[in-house]
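A.B. asks: Below you will find the structure I want to go over with you.
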Protein chains: 2
Amino acid sequence: MLIGELSRRTGVRAHQLRYYETQGLLKPGRATSGYREYTTDAVLTVAQIRKLLEAGLSTEQIRFLQPCVTGAAADLEPCPESLSTLRTRLEEMDERIDTLVRSRRALHDYIDVTERRASAVAARGGLCPAEVVLEPGVAELVDGPGLA
Amino acid sequence: MLIGELSRRTGVRAHQLRYYETQGLLKPGRATSGYREYTTDAVLTVAQIRKLLEAGLSTEQIRFLQPCVTGAAADLEPCPESLSTLRTRLEEMDERIDTLVRSRRALHDYIDVTERRASAVAARGGLCPAEVVLEPGVAELVDGPGLA
DNA sequence: ATCAACCCTCACACCGGTATGAAGGTCAAG
DNA sequence: CTTGACCTTCATACCGGTGTGAGGGTTGAT
């Protein structure tokens, strides 16, 4: 398909798709006319790129991740130094996730407390929840002891 | 303390600290000279800001998060509309974390496979590496070790 | 009084991802 | 053959977070 259709299918503007190409994230073929020609796989690839970008990764990091994500590059040279680079990458992602999870919990707890006090307006007193205790229940998604 | 000392203690350049102030993340007092005066709390606050920035959040999102993180603003008006905004924020963070966790796992699996085939050429392993990272599926828990 | 070290504000520029527009080539339909 | 939708490249500019420097005030020590 041409770039316009890919744009339509993914909701991503054509100039963005061209940009992703310059960053090595997309590699469309070319017609004799010079037009870019994408396979249907590109739709998924673009969706992936968008998600990762929205999650705060750079195009460079995404390019790094792509081989693993697609599983397409599992038959590369097991180059050991690149392996250690990948491990460093992994640690960085862990830290990133950890920070996000902590903040997410803080936000969740805050909502919880505010909610509680909103629904209990009748209650009087200066409850000072400087230290919000984790309570069981309301375990959506990331909550709970998990993530270890 | 003055901005120079805070900069020294946090490893964050003074100009960045001033920028964070313009974004409403820091609110130092002012001496008669016009110099900014920070309390020791600011050291922690700055560390917090840095972590969140590095995790890919914007200053605006961080400003949103700050009251919850510090626990200092638990005695605000339980304004319900702000509450729903917060819930939306929470969902956004969930999505973000989810995407990151998926990618992290893909990377982890990839490393694992590469490692295996590097250290055990003799072993016959027909295991195929990670599949897709995307898929509009439900959230799952993150795997194994690495996440505090 | 002067000097160094520190602070102030303001302006300008970089990078990454995005958004526009200009100037022009390709192609199918009328 | 022309029209219009679509494509090409190139240039320009925005925003957010960062970096740098100019021009100038404050402070403390010599």
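Following the order of the structure tokens, chains are lettered A, B, ..., residues in each are numbered from 1, and ligands are numbered from 1.
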Using only C-alpha atoms (C1' of nucleotides), which chain D residues lie at most 9 Å away from chain B, written as a PDB file with N, CA and C atoms (P, O5', C5', C4', C3', O3' and C1' of nucleotides), in the first residue's frame?

C.D. replies:
ATOM      1  P    DG D  16       5.090  23.336  25.535  1.00  0.00           P
ATOM      2  O5'  DG D  16       6.173  22.261  26.001  1.00  0.00           O
ATOM      3  C5'  DG D  16       5.930  20.867  25.804  1.00  0.00           C
ATOM      4  C4'  DG D  16       7.207  20.112  26.110  1.00  0.00           C
ATOM      5  C3'  DG D  16       7.855  20.538  27.429  1.00  0.00           C
ATOM      6  O3'  DG D  16       8.237  19.380  28.139  1.00  0.00           O
ATOM      7  C1'  DG D  16       9.394  20.809  25.637  1.00  0.00           C
ATOM      8  P    DG D  17       8.603  19.520  29.667  1.00  0.00           P
ATOM      9  O5'  DG D  17      10.205  19.464  29.637  1.00  0.00           O
ATOM     10  C5'  DG D  17      10.859  18.226  29.384  1.00  0.00           C
ATOM     11  C4'  DG D  17      12.322  18.459  29.075  1.00  0.00           C
ATOM     12  C3'  DG D  17      13.137  19.120  30.204  1.00  0.00           C
ATOM     13  O3'  DG D  17      14.239  18.279  30.521  1.00  0.00           O
ATOM     14  C1'  DG D  17      13.553  20.166  28.118  1.00  0.00           C
ATOM     15  P    DT D  18      15.321  18.721  31.580  1.00  0.00           P
ATOM     16  O5'  DT D  18      16.438  19.388  30.659  1.00  0.00           O
ATOM     17  C5'  DT D  18      17.109  18.604  29.698  1.00  0.00           C
ATOM     18  C4'  DT D  18      18.081  19.456  28.887  1.00  0.00           C
ATOM     19  C3'  DT D  18      19.129  20.190  29.729  1.00  0.00           C
ATOM     20  O3'  DT D  18      20.381  19.561  29.528  1.00  0.00           O
ATOM     21  C1'  DT D  18      18.284  21.530  27.932  1.00  0.00           C
ATOM     22  P    DG D  19      21.663  20.140  30.228  1.00  0.00           P
ATOM     23  O5'  DG D  19      22.132  21.281  29.220  1.00  0.00           O
ATOM     24  C5'  DG D  19      22.523  20.943  27.909  1.00  0.00           C
ATOM     25  C4'  DG D  19      23.199  22.143  27.264  1.00  0.00           C
ATOM     26  C3'  DG D  19      24.196  22.865  28.167  1.00  0.00           C
ATOM     27  O3'  DG D  19      25.387  23.095  27.414  1.00  0.00           O
ATOM     28  C1'  DG D  19      22.600  24.407  27.334  1.00  0.00           C
ATOM     29  P    DG D  25      23.384  46.771  37.648  1.00  0.00           P
ATOM     30  O5'  DG D  25      23.035  45.939  38.964  1.00  0.00           O
ATOM     31  C5'  DG D  25      21.657  45.643  39.257  1.00  0.00           C
ATOM     32  C4'  DG D  25      21.614  44.552  40.304  1.00  0.00           C
ATOM     33  C3'  DG D  25      22.193  44.965  41.663  1.00  0.00           C
ATOM     34  O3'  DG D  25      21.339  44.494  42.703  1.00  0.00           O
ATOM     35  C1'  DG D  25      23.290  43.029  40.871  1.00  0.00           C
ATOM     36  P    DT D  26      21.713  44.882  44.218  1.00  0.00           P
ATOM     37  O5'  DT D  26      22.442  43.575  44.744  1.00  0.00           O
ATOM     38  C5'  DT D  26      21.687  42.361  44.850  1.00  0.00           C
ATOM     39  C4'  DT D  26      22.461  41.354  45.690  1.00  0.00           C
ATOM     40  C3'  DT D  26      22.969  41.853  47.035  1.00  0.00           C
ATOM     41  O3'  DT D  26      22.650  40.865  47.988  1.00  0.00           O
ATOM     42  C1'  DT D  26      24.753  40.917  45.807  1.00  0.00           C
TER      43       DT D  26
END

A.B. asks: At most 9 Å is the cut-off: for each residue in chain C with any atom that close to an atom of chain B, write down the nearest atom pair and the distance in Å rounded to one decimal, counting only C-alpha atoms (C1' of nucleotides), chain first then increasing number, as JSON lines.

C.D. replies:
{"residue": "C:DC6", "atom": "C1'", "partner": "B:Gly4", "partner_atom": "CA", "distance": 7.9}
{"residue": "C:DC7", "atom": "C1'", "partner": "B:Tyr35", "partner_atom": "CA", "distance": 6.0}
{"residue": "C:DC8", "atom": "C1'", "partner": "B:Gly34", "partner_atom": "CA", "distance": 7.1}

A.B. asks: Just the number, please: distance in Å from CA of Glu37 (chain B) to C1' of DC3 (chain C), one decimal.

C.D. replies: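 Here the two named atoms are 24.9 Å from each other.
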
A.B. asks: Can you list, as a compact mmCIF listing (two decimals) with N, CA and C atoms (P, O5', C5', C4', C3', O3' and C1' of nucleotides), in the first residue's frame, every protein, DNA or RNA residue that comes within 12 Å of DT20 (chain C) when you count only C-alpha atoms (C1' of nucleotides), leaving out same-chain residues fewer than 4 positions away?

C.D. replies:
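As written to disk, part.txt reads:
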# COMPACT_ATOMS: atom_id res chain seq x y z
N HIS A 15 3.58 12.46 7.04
CA HIS A 15 4.92 13.03 7.29
C HIS A 15 5.56 12.39 8.51
P DA D 11 16.76 22.22 1.84
O5' DA D 11 15.76 23.31 2.43
C5' DA D 11 14.89 24.02 1.55
C4' DA D 11 13.88 24.80 2.38
C3' DA D 11 14.42 25.34 3.71
O3' DA D 11 14.07 26.70 3.84
C1' DA D 11 12.43 24.11 4.07
P DT D 12 14.63 27.58 5.05
O5' DT D 12 13.37 27.73 6.01
C5' DT D 12 12.09 28.03 5.47
C4' DT D 12 11.05 27.84 6.56
C3' DT D 12 11.53 28.28 7.94
O3' DT D 12 10.71 29.33 8.43
C1' DT D 12 10.45 26.16 8.00
P DA D 13 11.05 30.05 9.81
O5' DA D 13 10.04 29.35 10.83
C5' DA D 13 8.69 29.12 10.42
C4' DA D 13 7.97 28.32 11.49
C3' DA D 13 8.43 28.66 12.91
O3' DA D 13 7.30 28.84 13.73
C1' DA D 13 8.57 26.34 12.54
P DC D 14 7.44 29.59 15.13
O5' DC D 14 6.70 28.61 16.15
C5' DC D 14 5.39 28.13 15.87
C4' DC D 14 5.21 26.78 16.54
C3' DC D 14 5.62 26.76 18.00
O3' DC D 14 4.47 26.81 18.84
C1' DC D 14 6.40 24.82 16.81

A.B. asks: Would you compute the distance between CA of Ala47 (chain A) and CA of Glu91 (chain A)? Give it in Å to one decimal.

C.D. replies: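 Computing the Euclidean distance for CA of Ala47 (chain A) and CA of Glu91 (chain A) yields 24.6 Å.
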
A.B. asks: Quick one: pull the distance between CA of Leu17 (chain B) and CA of Ala55 (chain A), Å, one decimal.

C.D. replies: 24.9 Å

A.B. asks: Need to verify the contact set: DC10 (chain C), 12 Å, only C-alpha atoms (C1' of nucleotides), exclusion of same-chain residues closer than 3 positions in sequence. Can you return it as a list in words?

C.D. replies: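 Near DC10 (chain C), the qualifying residues are DG21, DA22, DG23 and DG24 of chain D.
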